[in-house]
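Presented below is the structure to which this report refers.
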Amino acid sequence: MEVLEKIHLTDQQIEQIEAGFAVTIPATEDEFLEFAFETPYRVEYHDNYVIIMGLAKIFHELLVGFFITLLTNYYRNNRTNFYVGGSNSGVKLIGSKNYYNPDVLVFNGLPQFYQDSDSIITNPYLVVEVLSPSTRSYDLDVKLNQYLKIESLRFLVFVDIDDKVVMVYERSKNARSWIYTHYDSPEEAVNIDGCEFILHDVFDSLPKL
């Protein structure tokens, strides 16, 4: 039986996804990996469930584009061998079945691929997640703890579009501890791995309705 016949979306689930909500379906890791390369939707895998993400709001995507551009220009001009990508590539925690798609992904040097994949890496250096109402608790309650376990990760960034806040986790010299900085003042200078910008510039980049 084909995997796509095992992982089947109902009309109601498709409507939920298209409305911007996440849908979860139980599956094995092998089923997930095959499904992930066939489906047009953004998918993750956590604790034996496929999480199929709803369509992103346009402001969410504009913020993702802002950080991809910002970080690409920063690393291109200040560092060598740093590469910035979007959410169509994923990261995996070694020793775990779980797989996640950060909104922005940075790695240093050559990508270390998971098994035979050329889309899933195990050595992210920095990830950015732009929070949305439908996935906020999942990002902050589940993915946060998983990301912090990735040995190669040095920076983890959450962007809250509703509260106009940027949250930065930086791994300290003690690899098991992290430094957390909460940026919520519009005129505050945000620092992510030496890349500095004024907080209000992030949200001023969005259209004014």
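Identifiers for the structure tokens are assigned positionally: chains receive A, B, ... in sequence, residues are indexed from 1 per chain, and ligands are indexed from 1 in the order shown.
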Query raised in the report: Residues of range 57-169 of chain A in helix (DSSP H, G or I) according to DSSP, as number ranges by chain?
Result: A: 58-78, 136-147
Requested in this report: Please provide the set of residues having any atom within 10 Å of Ile121 in chain A, restricted to only C-alpha atoms, with same-chain residues fewer than 6 positions apart removed, written as a list of chain:residue names.
Outcome: A:Ser89, A:Gly90, A:Val91, A:Lys92, A:Leu93, A:Ile94, A:Tyr99, A:Leu105, A:Phe107, A:Leu110, A:Pro111, A:Gln112, A:Phe113, A:Tyr114, A:Gln115
Query raised in the report: Using only C-alpha atoms, which of A:His60, A:Arg176, A:Lys149, A:His46 sits nearest Ser205 in chain A?
Result: A:His60
Requested in this report: Check the DSSP output for the backbone and give back, as number ranges by chain, the residues of range 27-58 of chain A in strand (DSSP E or B).
Outcome: A: 43-46, 49-52
**Report entry** Neighbour list for Pro26 in chain A as an NGL selection string, cut-off 12 Å, only C-alpha atoms, skip fewer than 6 positions in-chain
**Finding:** :A and (6-9 or 32 or 44-52)
Query raised in the report: With distances taken over only C-alpha atoms, which of A:Leu71, A:Leu63, A:Asn81, A:Glu170 is nearest to Glu129 in chain A?
Result: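 Residue with the minimum atom-to-atom distance to Glu129 in chain A: A:Leu63.
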Query raised in the report: Looking at only C-alpha atoms, which of A:Val166, A:Leu126, A:Thr69, A:Ser134 is the one that sits closest to Gln16 in chain A?
Result: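 Nearest to Gln16 in chain A: A:Ser134.
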Requested in this report: Might you pull out every residue within 7 Å of Gly85 in chain A, with only C-alpha atoms counted and same-chain residues fewer than 2 positions away left off, and present them as a PyMOL selection string?
Outcome: chain A and resi 68+83+104-106
Store the residues of this selection in a file with N, CA and C atoms, as a PDB file, in the first residue's frame.
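Listed below is the output, out12.pdb:
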```
ATOM      1  N   ILE A  68      15.291  36.440   6.700  1.00  0.00           N
ATOM      2  CA  ILE A  68      16.151  35.776   5.715  1.00  0.00           C
ATOM      3  C   ILE A  68      17.061  36.808   5.055  1.00  0.00           C
ATOM      4  N   TYR A  83      25.254  29.873   5.764  1.00  0.00           N
ATOM      5  CA  TYR A  83      24.218  29.778   4.738  1.00  0.00           C
ATOM      6  C   TYR A  83      22.848  29.902   5.399  1.00  0.00           C
ATOM      7  N   VAL A 104      13.265  30.114   9.556  1.00  0.00           N
ATOM      8  CA  VAL A 104      14.566  30.497   8.996  1.00  0.00           C
ATOM      9  C   VAL A 104      15.612  29.575   9.591  1.00  0.00           C
ATOM     10  N   LEU A 105      16.515  29.101   8.733  1.00  0.00           N
ATOM     11  CA  LEU A 105      17.526  28.128   9.133  1.00  0.00           C
ATOM     12  C   LEU A 105      18.902  28.612   8.689  1.00  0.00           C
ATOM     13  N   VAL A 106      19.859  28.611   9.613  1.00  0.00           N
ATOM     14  CA  VAL A 106      21.240  28.980   9.301  1.00  0.00           C
ATOM     15  C   VAL A 106      22.144  27.821   9.697  1.00  0.00           C
TER      16      VAL A 106
END
```
Query - Which residue of A:Pro102, A:Gly86, A:Pro186, A:Gly109 approaches Val157 in chain A most closely, using only C-alpha atoms - result: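 Ranking A:Pro102, A:Gly86, A:Pro186, A:Gly109 by distance to Val157 in chain A, first place goes to A:Pro102.
The space between CA of Val130 in chain A and CA of Gly65 in chain A spans 10.6 Å.
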**Report entry** Nearest candidate to Ile14 in chain A (options A:Glu34, A:Leu156, A:Met53, A:Ala189; using only C-alpha atoms)
**Finding:** A:Met53
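The smallest atom-to-atom distance between Gly54 in chain A and any of A:Glu31, A:Asp139, A:Glu18, A:Glu38, using only C-alpha atoms, is found for A:Glu18.
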Residue contacts of Thr135 in chain A (10 Å, only C-alpha atoms) excluding same-chain residues fewer than 2 positions away, as a PDB file with N, CA and C atoms, in the first residue's frame:
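The resulting part-v5.pdb:
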```
ATOM      1  N   GLY A  20      -5.600  27.917   7.978  1.00  0.00           N
ATOM      2  CA  GLY A  20      -4.460  28.337   8.780  1.00  0.00           C
ATOM      3  C   GLY A  20      -4.235  27.546  10.052  1.00  0.00           C
ATOM      4  N   PHE A  21      -4.975  26.451  10.248  1.00  0.00           N
ATOM      5  CA  PHE A  21      -4.822  25.642  11.451  1.00  0.00           C
ATOM      6  C   PHE A  21      -3.932  24.429  11.180  1.00  0.00           C
ATOM      7  N   ALA A  22      -3.341  23.881  12.246  1.00  0.00           N
ATOM      8  CA  ALA A  22      -2.508  22.695  12.126  1.00  0.00           C
ATOM      9  C   ALA A  22      -3.355  21.433  12.318  1.00  0.00           C
ATOM     10  N   MET A  53       1.074  21.792   8.851  1.00  0.00           N
ATOM     11  CA  MET A  53       0.866  23.201   9.155  1.00  0.00           C
ATOM     12  C   MET A  53      -0.140  23.843   8.194  1.00  0.00           C
ATOM     13  N   GLY A  54      -0.972  24.706   8.748  1.00  0.00           N
ATOM     14  CA  GLY A  54      -1.894  25.462   7.921  1.00  0.00           C
ATOM     15  C   GLY A  54      -1.171  26.509   7.099  1.00  0.00           C
ATOM     16  N   VAL A 130       8.773  32.408  13.596  1.00  0.00           N
ATOM     17  CA  VAL A 130       7.806  33.500  13.699  1.00  0.00           C
ATOM     18  C   VAL A 130       6.514  32.904  14.243  1.00  0.00           C
ATOM     19  N   LEU A 131       6.088  33.362  15.405  1.00  0.00           N
ATOM     20  CA  LEU A 131       4.928  32.778  16.069  1.00  0.00           C
ATOM     21  C   LEU A 131       3.639  33.150  15.344  1.00  0.00           C
ATOM     22  N   SER A 132       2.711  32.193  15.319  1.00  0.00           N
ATOM     23  CA  SER A 132       1.379  32.454  14.793  1.00  0.00           C
ATOM     24  C   SER A 132       0.365  31.910  15.797  1.00  0.00           C
ATOM     25  N   PRO A 133      -0.863  32.433  15.816  1.00  0.00           N
ATOM     26  CA  PRO A 133      -1.836  32.013  16.827  1.00  0.00           C
ATOM     27  C   PRO A 133      -2.074  30.505  16.859  1.00  0.00           C
ATOM     28  N   SER A 137       1.579  27.900  21.023  1.00  0.00           N
ATOM     29  CA  SER A 137       1.858  27.038  22.180  1.00  0.00           C
ATOM     30  C   SER A 137       2.745  25.866  21.783  1.00  0.00           C
ATOM     31  N   TYR A 138       2.555  25.325  20.593  1.00  0.00           N
ATOM     32  CA  TYR A 138       3.390  24.227  20.101  1.00  0.00           C
ATOM     33  C   TYR A 138       4.835  24.692  19.946  1.00  0.00           C
ATOM     34  N   ASP A 139       5.032  25.889  19.398  1.00  0.00           N
ATOM     35  CA  ASP A 139       6.391  26.417  19.216  1.00  0.00           C
ATOM     36  C   ASP A 139       7.089  26.646  20.553  1.00  0.00           C
ATOM     37  N   LEU A 140       6.381  27.265  21.500  1.00  0.00           N
ATOM     38  CA  LEU A 140       7.008  27.663  22.754  1.00  0.00           C
ATOM     39  C   LEU A 140       7.035  26.546  23.800  1.00  0.00           C
ATOM     40  N   ASP A 141       6.077  25.638  23.758  1.00  0.00           N
ATOM     41  CA  ASP A 141       6.017  24.578  24.760  1.00  0.00           C
ATOM     42  C   ASP A 141       6.718  23.296  24.312  1.00  0.00           C
TER      43      ASP A 141
END
```
